[in-house]
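Okay, query36.csv is below, CSV, C-alpha atoms and all ligand atoms:
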chain,number,residue,atom,x,y,z
G,179,MET,CA,127.1,26.7,115.6
G,180,ILE,CA,124.5,28.9,117.2
G,181,PRO,CA,121.1,27.5,116.2
G,182,GLN,CA,119.0,29.6,113.9
G,183,LYS,CA,116.3,29.4,116.6
G,184,THR,CA,118.4,31.5,119.0
G,185,ILE,CA,119.2,34.1,116.4
G,186,LEU,CA,115.5,34.4,115.5
G,187,GLU,CA,114.7,34.8,119.2
G,188,ASN,CA,117.1,37.7,119.3
G,189,LEU,CA,115.5,39.1,116.1
G,190,ARG,CA,112.1,39.0,117.8
G,191,THR,CA,113.3,41.4,120.5
G,192,TYR,CA,113.9,44.0,117.8
G,193,ASP,CA,111.7,47.1,117.1
G,194,MET,CA,110.8,46.3,113.5
G,195,GLU,CA,110.1,50.0,112.8
G,196,LYS,CA,113.7,50.8,113.6
G,197,ILE,CA,115.8,48.1,111.9
G,198,ALA,CA,119.3,49.3,111.1
G,199,ILE,CA,121.8,47.8,108.7
G,200,ALA,CA,125.3,47.4,110.1
G,201,THR,CA,128.7,46.2,108.9
G,202,LEU,CA,132.4,46.6,109.4
G,203,CYS,CA,134.0,49.6,107.8
G,204,SER,CA,135.9,47.8,105.1
G,205,HIS,CA,135.5,45.8,101.9
G,206,SER,CA,132.1,46.8,100.5
G,207,ALA,CA,130.9,48.9,103.4
G,208,LEU,CA,130.4,52.2,101.5
G,209,GLN,CA,128.2,50.4,99.0
G,210,ILE,CA,126.2,48.6,101.7
G,211,PHE,CA,125.6,51.9,103.7
G,212,HIS,CA,124.8,53.8,100.5
G,213,GLY,CA,122.3,51.2,99.4
G,214,ALA,CA,120.8,51.0,102.9
G,215,LYS,CA,120.4,54.7,103.1
G,216,LEU,CA,118.6,54.8,99.7
G,217,GLU,CA,116.2,52.3,101.0
G,218,GLY,CA,115.5,54.3,104.1
G,219,PHE,CA,117.4,52.3,106.7
G,220,ARG,CA,119.5,53.6,109.5
G,221,THR,CA,123.1,52.5,109.2
G,222,ILE,CA,125.8,51.5,111.7
G,223,GLY,CA,129.5,51.3,110.9
G,224,ILE,CA,131.8,49.2,113.1
G,225,CYS,CA,135.0,51.1,112.7
G,226,THR,CA,138.6,51.2,113.9
G,227,PRO,CA,139.8,54.8,114.8
G,228,ASP,CA,142.2,55.0,111.9
G,229,ARG,CA,139.4,54.4,109.3
G,230,ARG,CA,136.8,56.7,110.8
G,231,GLU,CA,137.8,59.8,108.9
G,232,PHE,CA,137.5,58.1,105.6
G,233,TYR,CA,134.0,56.7,106.3
G,234,GLU,CA,132.9,60.1,107.5
G,235,SER,CA,134.0,61.7,104.3
G,236,TYR,CA,131.2,60.4,102.0
G,237,PRO,CA,127.9,61.9,103.3
G,238,ARG,CA,125.8,59.7,101.1
G,239,ALA,CA,127.5,56.5,102.4
G,240,ARG,CA,128.4,57.6,105.9
G,241,PRO,CA,127.0,55.4,108.6
G,242,ASP,CA,124.5,57.2,110.9
G,243,VAL,CA,126.1,55.6,114.0
G,244,PHE,CA,129.7,54.6,114.5
G,245,ILE,CA,130.7,51.8,116.9
G,246,GLU,CA,134.4,52.2,117.5
G,247,VAL,CA,136.5,49.1,118.1
G,248,LYS,CA,140.3,48.7,118.6
G,249,LYS,CA,140.4,45.7,116.3
G,250,TYR,CA,137.7,44.2,114.2
G,251,SER,CA,137.6,40.9,116.1
G,252,ASP,CA,136.3,43.0,119.0
G,253,VAL,CA,132.9,42.7,117.3
G,254,LEU,CA,132.6,39.4,119.2
G,255,SER,CA,132.8,41.1,122.6
G,256,GLY,CA,129.6,41.0,124.6
G,257,LYS,CA,129.5,44.9,124.7
G,258,VAL,CA,129.6,45.4,121.0
G,259,GLN,CA,127.1,42.6,120.4
G,260,GLN,CA,124.7,44.1,122.9
G,261,GLU,CA,125.1,47.5,121.4
G,262,LEU,CA,124.3,46.2,118.0
G,263,MET,CA,121.2,44.4,119.2
G,264,GLU,CA,120.0,47.4,121.2
G,265,GLU,CA,120.3,49.3,117.9
G,266,ASN,CA,118.1,46.6,116.2
G,267,ALA,CA,121.0,45.8,113.8
G,268,VAL,CA,121.0,43.3,111.0
G,269,VAL,CA,124.6,42.8,110.1
G,270,VAL,CA,125.7,42.3,106.5
G,271,PRO,CA,128.8,40.0,106.4
G,272,HIS,CA,131.4,40.7,103.7
G,273,GLY,CA,134.8,39.2,102.9
G,274,SER,CA,136.8,41.3,105.3
G,275,PHE,CA,134.2,40.7,108.1
G,276,VAL,CA,134.7,37.0,107.7
G,277,GLU,CA,138.5,37.3,107.3
G,278,TYR,CA,139.0,39.5,110.4
G,279,VAL,CA,136.5,37.9,112.7
G,280,GLY,CA,136.8,34.3,111.5
G,281,ALA,CA,134.0,32.1,110.1
G,282,ALA,CA,134.0,29.7,113.1
G,283,ASN,CA,133.8,32.6,115.6
G,284,LEU,CA,130.9,34.1,113.7
G,285,GLU,CA,129.1,30.8,113.7
G,286,ASP,CA,129.7,30.0,117.3
G,287,GLU,CA,129.8,33.3,119.1
G,288,PHE,CA,128.1,36.0,117.2
G,289,GLN,CA,124.5,36.3,118.4
G,290,VAL,CA,123.5,39.3,116.3
G,291,PRO,CA,121.2,38.5,113.4
G,292,MET,CA,123.1,38.5,110.1
G,293,PHE,CA,121.7,38.9,106.6
G,294,GLY,CA,121.8,35.5,104.8
G,295,ASN,CA,122.4,32.0,106.0
G,296,ARG,CA,125.4,31.8,108.3
G,297,ARG,CA,125.7,28.1,107.5
G,298,SER,CA,127.1,29.1,104.2
G,299,LEU,CA,130.3,30.4,105.9
G,300,GLN,CA,131.4,26.8,106.6
G,301,TRP,CA,130.9,25.9,103.0
G,302,GLU,CA,132.5,28.8,101.3
G,303,GLY,CA,135.5,28.7,103.7
G,304,SER,CA,136.6,25.2,102.7
G,305,ARG,CA,138.1,24.6,99.4
G,306,LYS,CA,137.1,20.9,99.6
G,307,LYS,CA,133.5,21.8,100.3
G,308,VAL,CA,133.4,24.5,97.6
G,309,ARG,CA,134.6,21.9,95.1
G,310,GLU,CA,131.9,19.4,96.2
G,311,TRP,CA,129.3,22.2,95.9
G,312,MET,CA,130.5,23.3,92.4
G,313,GLN,CA,130.4,19.7,91.2
G,314,LYS,CA,127.0,19.1,92.6
G,315,ALA,CA,125.9,22.2,90.7
G,316,GLY,CA,127.3,20.6,87.5
G,317,CYS,CA,130.0,23.2,86.9
G,318,ASN,CA,133.2,22.4,85.0
G,319,VAL,CA,135.9,22.5,87.5
G,320,PRO,CA,139.7,22.4,87.1
G,321,LYS,CA,141.5,19.0,87.6
G,322,GLU,CA,143.1,18.5,91.0
G,323,PHE,CA,146.2,16.5,92.0
G,324,LYS,CA,146.4,14.8,95.3
G,325,LYS,CA,150.2,14.6,95.4
G,326,PRO,CA,152.9,16.6,93.6
G,327,GLN,CA,154.1,13.3,92.0
G,328,ASP,CA,150.9,13.3,90.0
G,329,ILE,CA,151.3,16.7,88.4
G,330,ASP,CA,151.1,16.3,84.6
G,331,THR,CA,150.1,19.9,83.5
G,332,ILE,CA,150.6,23.5,84.5
G,333,CYS,CA,149.2,23.9,87.9
G,334,ILE,CA,148.4,26.7,90.4
G,335,VAL,CA,149.2,25.9,94.0
G,336,LYS,CA,146.8,27.4,96.5
G,337,PHE,CA,146.7,27.7,100.3
G,338,SER,CA,143.6,27.6,102.5
G,339,GLY,CA,141.5,30.4,103.9
G,340,ALA,CA,140.5,33.7,102.3
G,341,LYS,CA,144.0,34.9,101.7
G,342,GLY,CA,143.2,36.6,98.4
G,343,GLY,CA,145.8,34.7,96.5
G,344,LYS,CA,148.7,35.3,98.9
G,345,GLY,CA,151.5,32.8,98.4
G,346,PHE,CA,150.0,31.1,95.4
G,347,PHE,CA,152.4,29.9,92.7
G,348,LEU,CA,152.5,28.1,89.4
G,349,THR,CA,154.3,24.9,88.8
G,350,THR,CA,154.8,22.3,86.1
G,351,ASP,CA,156.2,19.2,87.8
G,352,GLU,CA,157.1,17.6,91.2
G,353,ARG,CA,160.7,18.9,91.3
G,354,ASP,CA,159.7,22.5,90.5
G,355,TYR,CA,156.8,22.2,93.1
G,356,ARG,CA,159.1,21.1,95.9
G,357,LYS,CA,161.7,23.7,95.1
G,358,LYS,CA,159.2,26.6,95.1
G,359,MET,CA,157.4,25.3,98.2
G,360,GLU,CA,160.6,25.1,100.1
G,361,GLU,CA,161.4,28.7,99.2
G,362,LYS,CA,157.9,29.8,100.3
G,363,ILE,CA,158.4,28.2,103.7
G,364,LYS,CA,161.9,29.5,104.1
G,365,GLN,CA,160.7,33.1,103.3
G,366,LYS,CA,157.8,32.5,105.8
G,367,ILE,CA,155.3,33.3,103.1
G,368,VAL,CA,153.5,30.0,104.0
G,369,SER,CA,153.6,27.9,107.1
G,370,GLN,CA,154.6,24.2,107.1
G,371,GLU,CA,151.0,23.4,107.9
G,372,ASP,CA,149.6,25.5,105.0
G,373,ALA,CA,152.1,23.7,102.7
G,374,GLU,CA,150.9,20.3,103.8
G,375,HIS,CA,147.4,21.2,103.0
G,376,ALA,CA,148.0,23.0,99.7
G,377,THR,CA,145.7,22.5,96.8
G,378,ILE,CA,147.3,21.6,93.5
G,379,GLN,CA,145.0,22.6,90.7
G,380,GLU,CA,145.1,22.6,87.0
G,381,PHE,CA,145.8,26.2,85.8
G,382,ILE,CA,143.0,27.1,83.4
G,383,ASN,CA,144.3,29.4,80.7
G,384,GLY,CA,141.7,31.9,79.5
G,385,VAL,CA,139.9,35.1,80.6
G,386,ARG,CA,138.6,35.3,84.2
G,387,TYR,CA,135.1,36.4,85.0
G,388,TYR,CA,133.6,36.8,88.5
G,389,TYR,CA,129.8,36.7,88.3
G,390,HIS,CA,127.7,38.5,91.0
G,391,TYR,CA,124.4,36.9,91.7
G,392,PHE,CA,121.6,37.6,94.2
G,393,TYR,CA,119.1,35.0,95.4
G,394,SER,CA,115.8,36.3,96.7
G,395,PRO,CA,113.5,33.8,98.4
G,396,LEU,CA,110.7,36.5,98.3
G,397,GLU,CA,110.6,37.2,94.5
G,398,LYS,CA,109.1,34.8,92.0
G,399,ASP,CA,111.2,33.4,89.0
G,400,ALA,CA,110.2,33.5,85.3
G,401,GLU,CA,107.9,30.5,85.8
G,402,GLY,CA,106.1,32.0,88.7
G,403,LYS,CA,107.8,29.8,91.3
G,404,ARG,CA,109.0,31.4,94.5
G,405,GLY,CA,112.7,32.2,94.7
G,406,ARG,CA,114.5,34.2,92.0
G,407,VAL,CA,118.2,34.2,91.0
G,408,GLU,CA,119.3,37.6,89.7
G,409,LEU,CA,122.5,38.0,87.7
G,410,LEU,CA,123.4,41.6,88.7
G,411,SER,CA,127.0,42.3,87.4
G,412,MET,CA,130.4,40.9,86.9
G,413,ASP,CA,134.0,41.9,87.4
G,414,LYS,CA,137.6,40.8,87.0
G,415,ARG,CA,140.0,40.9,89.9
G,416,LEU,CA,143.2,42.9,89.5
G,417,GLU,CA,146.0,40.8,91.0
G,418,SER,CA,149.6,41.8,91.7
G,419,ASN,CA,151.9,41.1,90.1
G,420,VAL,CA,150.4,38.7,87.5
G,421,GLU,CA,148.2,41.4,85.9
G,422,GLU,CA,151.0,43.5,84.5
G,423,ILE,CA,153.9,41.2,84.6
G,424,TYR,CA,154.3,41.6,80.8
G,425,ARG,CA,155.7,45.1,81.5
G,426,ILE,CA,158.9,43.6,82.8
G,427,LEU,CA,159.4,41.3,79.9
G,428,ALA,CA,161.5,43.9,78.0
G,429,ALA,CA,164.2,43.0,80.5
G,430,GLY,CA,164.2,39.3,79.8
G,431,THR,CA,162.0,36.2,80.2
G,432,LEU,CA,160.4,35.3,83.5
G,433,GLN,CA,162.8,32.4,83.8
G,434,GLU,CA,165.9,34.6,83.1
G,435,LEU,CA,164.7,37.1,85.7
G,436,ASN,CA,163.8,34.3,88.1
G,437,LEU,CA,160.3,35.8,88.6
G,438,ASN,CA,157.1,34.0,89.3
G,439,PRO,CA,153.6,35.6,88.9
G,440,THR,CA,151.7,36.2,92.2
G,441,TYR,CA,147.9,36.6,92.7
G,442,VAL,CA,147.4,39.1,95.5
G,443,VAL,CA,144.1,41.0,95.0
G,444,THR,CA,144.7,44.7,94.7
G,445,GLY,CA,141.4,45.8,93.1
G,446,ASN,CA,138.7,45.0,90.5
G,447,ALA,CA,137.8,45.9,87.0
G,448,PRO,CA,134.4,45.8,85.3
G,449,GLN,CA,133.7,43.2,82.7
G,450,THR,CA,131.0,42.3,80.2
G,451,ILE,CA,130.7,38.9,78.6
G,452,ARG,CA,129.4,38.0,75.1
G,453,GLU,CA,125.7,37.8,75.3
G,454,SER,CA,125.7,34.2,73.9
G,455,LEU,CA,127.4,33.1,77.1
G,456,LEU,CA,125.0,34.8,79.4
G,457,PRO,CA,122.4,32.0,79.4
G,458,GLU,CA,125.0,29.6,80.7
G,459,VAL,CA,126.3,32.1,83.2
G,460,TYR,CA,122.7,32.5,84.5
G,461,ARG,CA,122.2,28.7,84.6
G,462,ILE,CA,125.5,28.3,86.7
G,463,GLY,CA,124.1,30.8,89.2
G,464,LYS,CA,120.8,28.9,89.4
G,465,ARG,CA,122.4,25.5,89.8
G,466,VAL,CA,124.8,26.8,92.4
G,467,GLU,CA,121.8,28.1,94.4
G,468,GLU,CA,119.9,24.9,94.0
G,469,ALA,CA,122.9,22.9,95.1
G,470,SER,CA,123.2,25.1,98.2
G,471,GLN,CA,119.6,24.3,99.1
G,472,LYS,CA,120.4,20.6,99.1
G,473,LEU,CA,123.7,20.9,100.9
G,474,PHE,CA,123.0,23.4,103.7
G,475,GLY,CA,119.6,24.9,103.4
G,476,GLY,CA,120.4,27.5,100.7
G,477,MET,CA,121.8,31.0,100.4
G,478,THR,CA,119.9,34.2,100.7
G,479,GLY,CA,121.3,37.3,99.1
G,480,PRO,CA,124.5,37.9,97.2
G,481,TYR,CA,127.0,35.3,96.1
G,482,CYS,CA,129.7,35.0,93.5
G,483,VAL,CA,131.1,32.4,91.2
G,484,GLU,CA,134.7,32.8,90.0
G,485,SER,CA,135.5,31.4,86.6
G,486,VAL,CA,137.8,31.2,83.7
G,487,VAL,CA,136.4,31.2,80.1
G,488,THR,CA,138.7,29.2,77.7
G,489,PRO,CA,139.1,29.8,74.0
G,490,ASP,CA,136.6,27.0,73.2
G,491,LEU,CA,134.1,29.1,75.3
G,492,ARG,CA,133.9,26.6,78.2
G,493,ILE,CA,133.4,28.1,81.6
G,494,PHE,CA,135.5,26.6,84.4
G,495,ALA,CA,134.4,27.5,88.0
G,496,PHE,CA,137.1,27.6,90.6
G,497,GLU,CA,135.6,29.4,93.6
G,498,ILE,CA,132.3,30.4,95.2
G,499,SER,CA,131.8,33.3,97.7
G,500,ALA,CA,128.5,33.1,99.6
G,501,ARG,CA,128.2,36.8,100.3
G,502,ILE,CA,128.8,40.2,98.8
G,503,VAL,CA,132.1,40.4,97.0
G,504,ALA,CA,134.3,43.5,96.6
G,505,GLY,CA,133.9,43.4,92.8
G,506,THR,CA,130.3,44.7,93.2
G,507,ASN,CA,131.8,48.0,94.4
G,508,LEU,CA,132.2,48.9,90.8
G,509,PHE,CA,128.5,49.3,90.4
G,510,PRO,CA,127.0,51.7,93.0
G,511,GLU,CA,124.5,52.9,90.4
G,512,GLY,CA,123.9,49.5,88.8
G,513,SER,CA,125.6,47.5,86.1
G,514,PHE,CA,125.0,46.7,82.4
G,515,LEU,CA,122.5,44.1,83.6
G,516,SER,CA,120.7,45.6,86.5
G,517,PRO,CA,118.5,48.1,84.4
G,518,TYR,CA,116.8,45.0,82.9
G,519,LEU,CA,115.7,44.0,86.4
G,520,PHE,CA,115.1,47.3,88.1
G,521,GLY,CA,113.8,50.6,86.9
G,522,GLU,CA,116.2,52.5,89.1
G,523,PRO,CA,119.9,52.3,89.9
G,524,MET,CA,120.5,49.0,91.8
G,525,SER,CA,123.8,48.0,93.4
G,526,THR,CA,124.2,44.8,95.3
G,527,GLY,CA,124.4,46.8,98.5
G,528,ARG,CA,121.0,48.4,97.7
G,529,ARG,CA,119.6,45.1,96.6
G,530,ILE,CA,120.4,43.7,100.1
G,531,ALA,CA,118.5,46.6,101.7
G,532,ARG,CA,115.6,46.2,99.3
G,533,GLU,CA,115.3,42.6,100.2
G,534,LEU,CA,115.3,43.5,103.9
G,535,LYS,CA,112.7,46.1,103.2
G,536,ASN,CA,110.5,43.7,101.3
G,537,GLY,CA,111.0,41.1,104.1
G,538,LEU,CA,109.8,43.7,106.6
G,539,LYS,CA,106.7,44.6,104.5
G,540,GLN,CA,105.8,40.9,104.0
G,541,ASN,CA,106.5,40.1,107.6
G,542,ALA,CA,109.1,37.6,106.3
G,543,LEU,CA,112.3,38.9,107.8
G,544,GLU,CA,112.9,35.5,109.4
G,545,LYS,CA,113.4,34.0,105.9
G,546,LEU,CA,116.3,36.4,105.3
G,547,VAL,CA,118.4,36.3,108.5
G,548,TYR,CA,120.4,33.8,110.5
P,601,LIG,P1,139.5,34.4,97.7
P,601,LIG,O1,139.0,33.6,98.9
P,601,LIG,O2,139.8,35.8,98.0
P,601,LIG,O3,138.5,34.3,96.6
P,601,LIG,P2,141.3,32.4,97.3
P,601,LIG,O4,142.4,32.3,98.3
P,601,LIG,O5,140.1,31.5,97.5
P,601,LIG,O6,140.8,33.8,97.2
P,601,LIG,P3,141.2,31.8,94.5
P,601,LIG,O7,140.1,32.8,94.3
P,601,LIG,O8,140.8,30.4,94.3
P,601,LIG,O9,141.9,32.1,95.9
P,601,LIG,O10,142.4,32.2,93.5
P,601,LIG,C1,143.0,33.4,93.5
P,601,LIG,C2,143.4,33.8,92.1
P,601,LIG,O11,144.2,32.8,91.5
P,601,LIG,C3,142.2,33.9,91.2
P,601,LIG,O12,141.5,35.1,91.2
P,601,LIG,C4,142.8,33.6,89.8
P,601,LIG,O13,143.4,34.7,89.3
P,601,LIG,C5,143.8,32.6,90.1
P,601,LIG,N1,143.3,31.2,89.9
P,601,LIG,C6,142.8,30.4,90.9
P,601,LIG,N2,142.5,29.2,90.5
P,601,LIG,C7,142.9,29.2,89.1
P,601,LIG,C8,142.8,28.2,88.1
P,601,LIG,N3,142.4,27.0,88.4
P,601,LIG,N4,143.2,28.6,86.9
P,601,LIG,C9,143.7,29.8,86.6
P,601,LIG,N5,143.8,30.8,87.6
P,601,LIG,C10,143.4,30.5,88.8
Take the structure from the file and write it as structure tokens.
Amino acid sequence: MIPQKTILENLRTYDMEKIAIATLCSHSALQIFHGAKLEGFRTIGICTPDRREFYESYPRARPDVFIEVKKYSDVLSGKVQQELMEENAVVVPHGSFVEYVGAANLEDEFQVPMFGNRRSLQWEGSRKKVREWMQKAGCNVPKEFKKPQDIDTICIVKFSGAKGGKGFFLTTDERDYRKKMEEKIKQKIVSQEDAEHATIQEFINGVRYYYHYFYSPLEKDAEGKRGRVELLSMDKRLESNVEEIYRILAAGTLQELNLNPTYVVTGNAPQTIRESLLPEVYRIGKRVEEASQKLFGGMTGPYCVESVVTPDLRIFAFEISARIVAGTNLFPEGSFLSPYLFGEPMSTGRRIARELKNGLKQNALEKLVY
């Protein structure tokens, strides 16, 4: 892990009048560039040739500078890193950035200042650590089973890494588990190693909500203490094929058709939640932030808690992302909550840029990057 000291030394070589916001052209890049432009920043898009045309087609979100790479992991090359630093770039990491480049590579090799605390990548990338974090934050979490023999309820079986639900399956007992796992390995959907490290988790039946928070170390909270958690928006992921699997049921039951639901993310849909649940949703965000302070020095900027709300209105958290999530793309002009915080359209992308702008004004950029 590159020490924060080294990254801050790199930041000190920057021309503070010319800070640029950079990210990979994927995931939530349009939103990040759009927000950065609204806040008056120059923008840099790291792009593969096949995607350039698309990112050039939206004038209000088009990066001012393109750095072309053959593949996204080339962002680690000395040349690209140097170019970014010469451009005074602060990089905003997003889900695809972490997926394509690799959390460990970012931690150990990427010298360019990034928005937020890069230590959080280790935590959000490990299911075990995320569980510890959620428990420390006092969240209700689904039960987990160490061995397939222990399964005593409907379970979802998950594999490691940010695979967006790829390969996940439902099971009800050990026999069914072994049969389905063998099929997955045979079809090369999961590797033997992934299978050995699978997580067997109680399937929570209810409605899913993915809450988008932002933590600002610069703002003050309602009690006047430094550090504010903002609940900006929420979404629900659209996952194939579970989302619309009911459409096939006219042909027979899932068992008759030998079909299993799958959970591959294909998009996102906006959500609201009943107002009586909002105080608890807000508290979850606060507690997750407070726990992150204790575990790894805290998060700065956007994060997300993924949850299921059950019919008795309990909120079960099953995942944390310590960065901007793609569900925020639904709200480039703000959400049903952001007008109560800001008197102008505020997306998560713009909120990041606003924080950097405030950091520059207050000479406190070092609190915001690592
Ligand atoms: P990502 O890293 O992209 O968030 P992931 O690989 O960590 O994905 P999860 O987010 O944990 O996977 O789960 C993927 C999907 O599986 C969820 O969006 C949700 O639909 C479903 N899911 C996961 N855990 C549960 C659970 N305990 N109960 C019900 N559904 C679940």
Spatial neighbours of region 388-403 of chain G, 7 Å, all atoms listed in the file, chain gap at least 6 places, as a ChimeraX atom specification: /G:409-414,463,477-485
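Using all atoms listed in the file, the protein and nucleic acid residues lying no more than 10 Å from region 354-358 of chain G, apart from those fewer than 3 places from it along its own chain, are Pro326, Gln327, Ile329, Cys333, Ile334, Val335, Phe347, Leu348, Thr349, Thr350, Asp351, Glu361, Lys362, Ile363, Lys364, Ile378 and Asn438 of chain G.
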Between CA of Asn536 (chain G) and CA of Leu254 (chain G), distance in Å (one decimal):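 So the two atoms, CA of Asn536 (chain G) and CA of Leu254 (chain G), lie 28.8 Å apart.
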For CA of Ile462 (chain G) and CA of Pro320 (chain G), the interatomic separation in Å (one decimal): 15.4 Å
Top pick for closest residue to Gly384 (chain G), considering G:Val486, G:Leu491, G:Ala447, G:Ala469 and counting only C-alpha atoms: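 For Gly384 (chain G), the nearest of the given residues is G:Val486.
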For atom O2 of ligand LIG 601 (chain P) and CA of Val443 (chain G), the interatomic separation in Å (one decimal): 7.4 Å
I want to know what sits within 9 Å of Gln259 (chain G), based on all atoms listed in the file, with residues of the same chain fewer than 4 positions away left out; could you give that as a PDB file with C-alpha atoms, in the coordinates of the input?
ATOM      1  CA  VAL G 253     132.900  42.700 117.300  1.00  0.00           C
ATOM      2  CA  LEU G 254     132.600  39.400 119.200  1.00  0.00           C
ATOM      3  CA  SER G 255     132.800  41.100 122.600  1.00  0.00           C
ATOM      4  CA  MET G 263     121.200  44.400 119.200  1.00  0.00           C
ATOM      5  CA  GLU G 264     120.000  47.400 121.200  1.00  0.00           C
ATOM      6  CA  PHE G 288     128.100  36.000 117.200  1.00  0.00           C
ATOM      7  CA  GLN G 289     124.500  36.300 118.400  1.00  0.00           C
ATOM      8  CA  VAL G 290     123.500  39.300 116.300  1.00  0.00           C
TER       9      VAL G 290
END
Best match for closeness to Phe514 (chain G) among G:Val385, G:Val276, G:Ala531, G:Ile451, counting only C-alpha atoms: G:Ile451
Distance query 7 Å from (125.7, 32.2, 116.5) using all atoms listed in the file, result as a list of chain:residue names: G:Met179, G:Ile180, G:Pro181, G:Ile185, G:Leu284, G:Glu285, G:Asp286, G:Glu287, G:Phe288, G:Gln289
Long-range neighbours of region 192-197 of chain G as number ranges by chain, 8 Å cut-off, all atoms listed in the file, 6 positions minimum in chain: G: 219-220, 263-268, 538
Top pick for closest residue to Lys314 (chain G), considering G:Leu189, G:Leu534, G:Ala504, G:Leu473 and counting all atoms listed in the file: G:Leu473
